[in-house]
Amino acid sequence: MFASSLRRALVVKLRHHGDVLLAAPVLSSLREAAPQCEIDALVYAETAPMLAQHPALAQLHTIDRNWKRLGIVRQAQAEWRLLSALRARRYDLAIHLTDHPRGGWLTRLLGPHWSVAPERKGFHWKRSFSHLSPPPRAGRHTVEANLDSLRALGIEPRDKRVTLIPGAAAETKITAVLTGHGLAEHGFIHVHPTSRWLFKCWPAERVAALCDSFRARGWPVVLTAAPDPKEKALIEAVRHSATLPHLDLSGQLSLKELAASSLPQIIPAVPAAATAATAARSANA
């Protein structure tokens, strides 16, 4: 099996935060199939916290979308530094998890022995990769679609957990915040009702009603959101519609700190894993 001969592999996921997080099982499953392999990832800079400190990750490379604001020369310099760093790694395998056009020419420039990407139309795209996985289809979970890349290589994934590592600094910060509000030793309901795309969000009055129902049952409610003014405005509308008080931490926590706030228990200075599906936290869970 070729997995035993892998020395270095690059996993590329150029999408938004949730999409990058759902690529984590590819790292875990590849590490399980090829424990001797150093696994790197390439993502957009703002999504790096989704994979940073993942136990299967050797190096995390990033593309800053703000490079294009630096002017042609400085953008080209930044792109060249990234390409040089990637080429220096001499990858045996490249796994491109989307049909982003960058994947085709980047793979050709890196020249790995094996490479895989979702199937799409285009002669140059197909010629860029040694293997093609089935294109994503409606109704299929994104984790499974990502893992199809490994299946196309003959690797049957077994570890499908979506893992995010908050890290010691985030856990220490959350311990301090929760202690300050008297929540460190008790359970609470964490509600994050906002999204970058507000059309995905529930109306504020419905979120407020849900929070009130939790509060009426004796559960403290913690509201969070990104620092974006539109998201914070939605949180304010929720608080205005609610009939009971809820703790508002919107815009105050990083992505890692949000993950740490949803751990089953707080253990300062000890890294722990949190799954993306965790929405409620209890010290006795």
# chains A, B, ... in the order shown; residues from 1 in each chain; ligands from 1
>>> residues_around(residues="A:Leu30", least_positions_apart="4", cutoff="12 Å", atoms="only C-alpha atoms", output="ChimeraX atom specification")
/A:2-4,6-11,23-26,34-40,55-57,93-95,146-151,153-160
>>> residues_around(residues="A:Cys201", least_positions_apart="3", cutoff="12 Å", atoms="only C-alpha atoms", output="PyMOL selection string")
chain A and resi 192-198+204-207+225+230-231+234-235+238
>>> write_last_selection(atoms="C-alpha atoms", output="CSV table (one decimal), in the first residue's frame")
chain,number,residue,atom,x,y,z
A,192,HIS,CA,-24.6,31.4,19.2
A,193,PRO,CA,-27.5,32.5,17.0
A,194,THR,CA,-25.6,34.5,14.4
A,195,SER,CA,-23.8,33.8,11.2
A,196,ARG,CA,-21.7,35.8,8.6
A,197,TRP,CA,-24.8,35.2,6.4
A,198,LEU,CA,-27.7,36.6,8.3
A,204,ALA,CA,-34.4,37.4,17.0
A,205,GLU,CA,-37.7,37.0,18.8
A,206,ARG,CA,-37.6,33.2,18.3
A,207,VAL,CA,-34.1,33.0,19.6
A,225,ALA,CA,-21.4,36.3,18.3
A,230,LYS,CA,-24.5,43.2,12.2
A,231,GLU,CA,-24.1,40.1,14.3
A,234,LEU,CA,-28.9,40.7,16.2
A,235,ILE,CA,-27.7,39.8,19.7
A,238,VAL,CA,-32.5,39.0,21.1
>>> select_by_dssp(residues="stretch 104-262 of chain A", states="strand (DSSP E)", output="number ranges by chain")
A: 114-118, 131-133, 163-164, 188-191, 221-223, 247-248
>>> write_last_selection(atoms="N, CA and C atoms", output="mmCIF file, in the first residue's frame")
data_model
loop_
_atom_site.group_PDB
_atom_site.id
_atom_site.type_symbol
_atom_site.label_atom_id
_atom_site.label_comp_id
_atom_site.auth_asym_id
_atom_site.auth_seq_id
_atom_site.Cartn_x
_atom_site.Cartn_y
_atom_site.Cartn_z
ATOM 1 N N TRP A 114 1.711 11.675 -5.937
ATOM 2 C CA TRP A 114 0.280 11.387 -5.934
ATOM 3 C C TRP A 114 -0.485 12.679 -5.622
ATOM 4 N N SER A 115 -1.659 12.824 -6.177
ATOM 5 C CA SER A 115 -2.498 13.999 -5.917
ATOM 6 C C SER A 115 -3.945 13.642 -6.199
ATOM 7 N N VAL A 116 -4.846 14.282 -5.491
ATOM 8 C CA VAL A 116 -6.274 13.973 -5.640
ATOM 9 C C VAL A 116 -7.084 15.241 -5.435
ATOM 10 N N ALA A 117 -8.198 15.340 -6.143
ATOM 11 C CA ALA A 117 -9.136 16.460 -6.017
ATOM 12 C C ALA A 117 -10.505 15.985 -6.481
ATOM 13 N N PRO A 118 -11.572 16.711 -6.124
ATOM 14 C CA PRO A 118 -12.902 16.343 -6.636
ATOM 15 C C PRO A 118 -12.949 16.486 -8.150
ATOM 16 N N HIS A 131 -5.342 11.242 -9.170
ATOM 17 C CA HIS A 131 -6.610 10.614 -8.790
ATOM 18 C C HIS A 131 -7.693 11.691 -8.699
ATOM 19 N N LEU A 132 -8.921 11.288 -8.942
ATOM 20 C CA LEU A 132 -10.077 12.172 -8.802
ATOM 21 C C LEU A 132 -11.114 11.490 -7.920
ATOM 22 N N SER A 133 -11.685 12.251 -6.996
ATOM 23 C CA SER A 133 -12.762 11.746 -6.151
ATOM 24 C C SER A 133 -14.098 12.192 -6.723
ATOM 25 N N THR A 163 -12.452 17.395 15.059
ATOM 26 C CA THR A 163 -11.712 17.798 16.255
ATOM 27 C C THR A 163 -11.173 19.211 16.128
ATOM 28 N N LEU A 164 -11.412 20.005 17.156
ATOM 29 C CA LEU A 164 -10.860 21.348 17.235
ATOM 30 C C LEU A 164 -10.173 21.484 18.587
ATOM 31 N N PHE A 188 -24.314 25.670 31.916
ATOM 32 C CA PHE A 188 -25.042 26.751 31.267
ATOM 33 C C PHE A 188 -25.315 26.356 29.826
ATOM 34 N N ILE A 189 -26.193 27.078 29.176
ATOM 35 C CA ILE A 189 -26.507 26.867 27.767
ATOM 36 C C ILE A 189 -25.828 27.948 26.946
ATOM 37 N N HIS A 190 -25.030 27.534 25.996
ATOM 38 C CA HIS A 190 -24.302 28.456 25.121
ATOM 39 C C HIS A 190 -25.075 28.588 23.809
ATOM 40 N N VAL A 191 -25.537 29.784 23.505
ATOM 41 C CA VAL A 191 -26.324 30.035 22.289
ATOM 42 C C VAL A 191 -25.556 31.005 21.390
ATOM 43 N N VAL A 221 -28.030 31.315 30.447
ATOM 44 C CA VAL A 221 -27.804 31.349 29.004
ATOM 45 C C VAL A 221 -26.698 32.345 28.692
ATOM 46 N N VAL A 222 -25.724 31.903 27.888
ATOM 47 C CA VAL A 222 -24.633 32.767 27.443
ATOM 48 C C VAL A 222 -24.783 32.976 25.939
ATOM 49 N N LEU A 223 -24.904 34.232 25.526
ATOM 50 C CA LEU A 223 -25.039 34.582 24.118
ATOM 51 C C LEU A 223 -23.687 35.012 23.560
ATOM 52 N N LEU A 247 -26.536 36.422 29.725
ATOM 53 C CA LEU A 247 -25.189 36.971 29.669
ATOM 54 C C LEU A 247 -24.770 37.173 28.218
ATOM 55 N N ASP A 248 -24.345 38.373 27.870
ATOM 56 C CA ASP A 248 -23.941 38.717 26.507
ATOM 57 C C ASP A 248 -22.417 38.812 26.425
#
>>> closest_residue(among="A:Asp212, A:Glu144, A:Glu79, A:Glu171", to="A:His246", atoms="only C-alpha atoms")
A:Asp212
>>> closest_atom_pairs(of="stretch 143-248 of chain A", to="stretch 49-53 of chain A", cutoff="12 Å", atoms="only C-alpha atoms", output="Markdown table")
| residue | atom | partner | partner_atom | distance |
| --- | --- | --- | --- | --- |
| A:Val162 | CA | A:Leu51 | CA | 10.2 |
| A:Thr163 | CA | A:Leu51 | CA | 8.3 |
| A:Leu164 | CA | A:Met50 | CA | 6.3 |
| A:Ile165 | CA | A:Gln53 | CA | 6.0 |
| A:Pro166 | CA | A:Gln53 | CA | 8.1 |
| A:Gly167 | CA | A:Gln53 | CA | 7.4 |
| A:Ala168 | CA | A:Gln53 | CA | 10.6 |
| A:Ala170 | CA | A:Pro49 | CA | 11.3 |
>>> atom_distance(atom1="atom CA of A:Thr98", atom2="atom CA of A:His124")
15.4 Å
>>> select_by_dssp(residues="stretch 54-161 of chain A", states="helix (DSSP H, G or I)", output="MDAnalysis selection string")
chainID A and resid 65:69 72:88 102:110 123:128 142:152
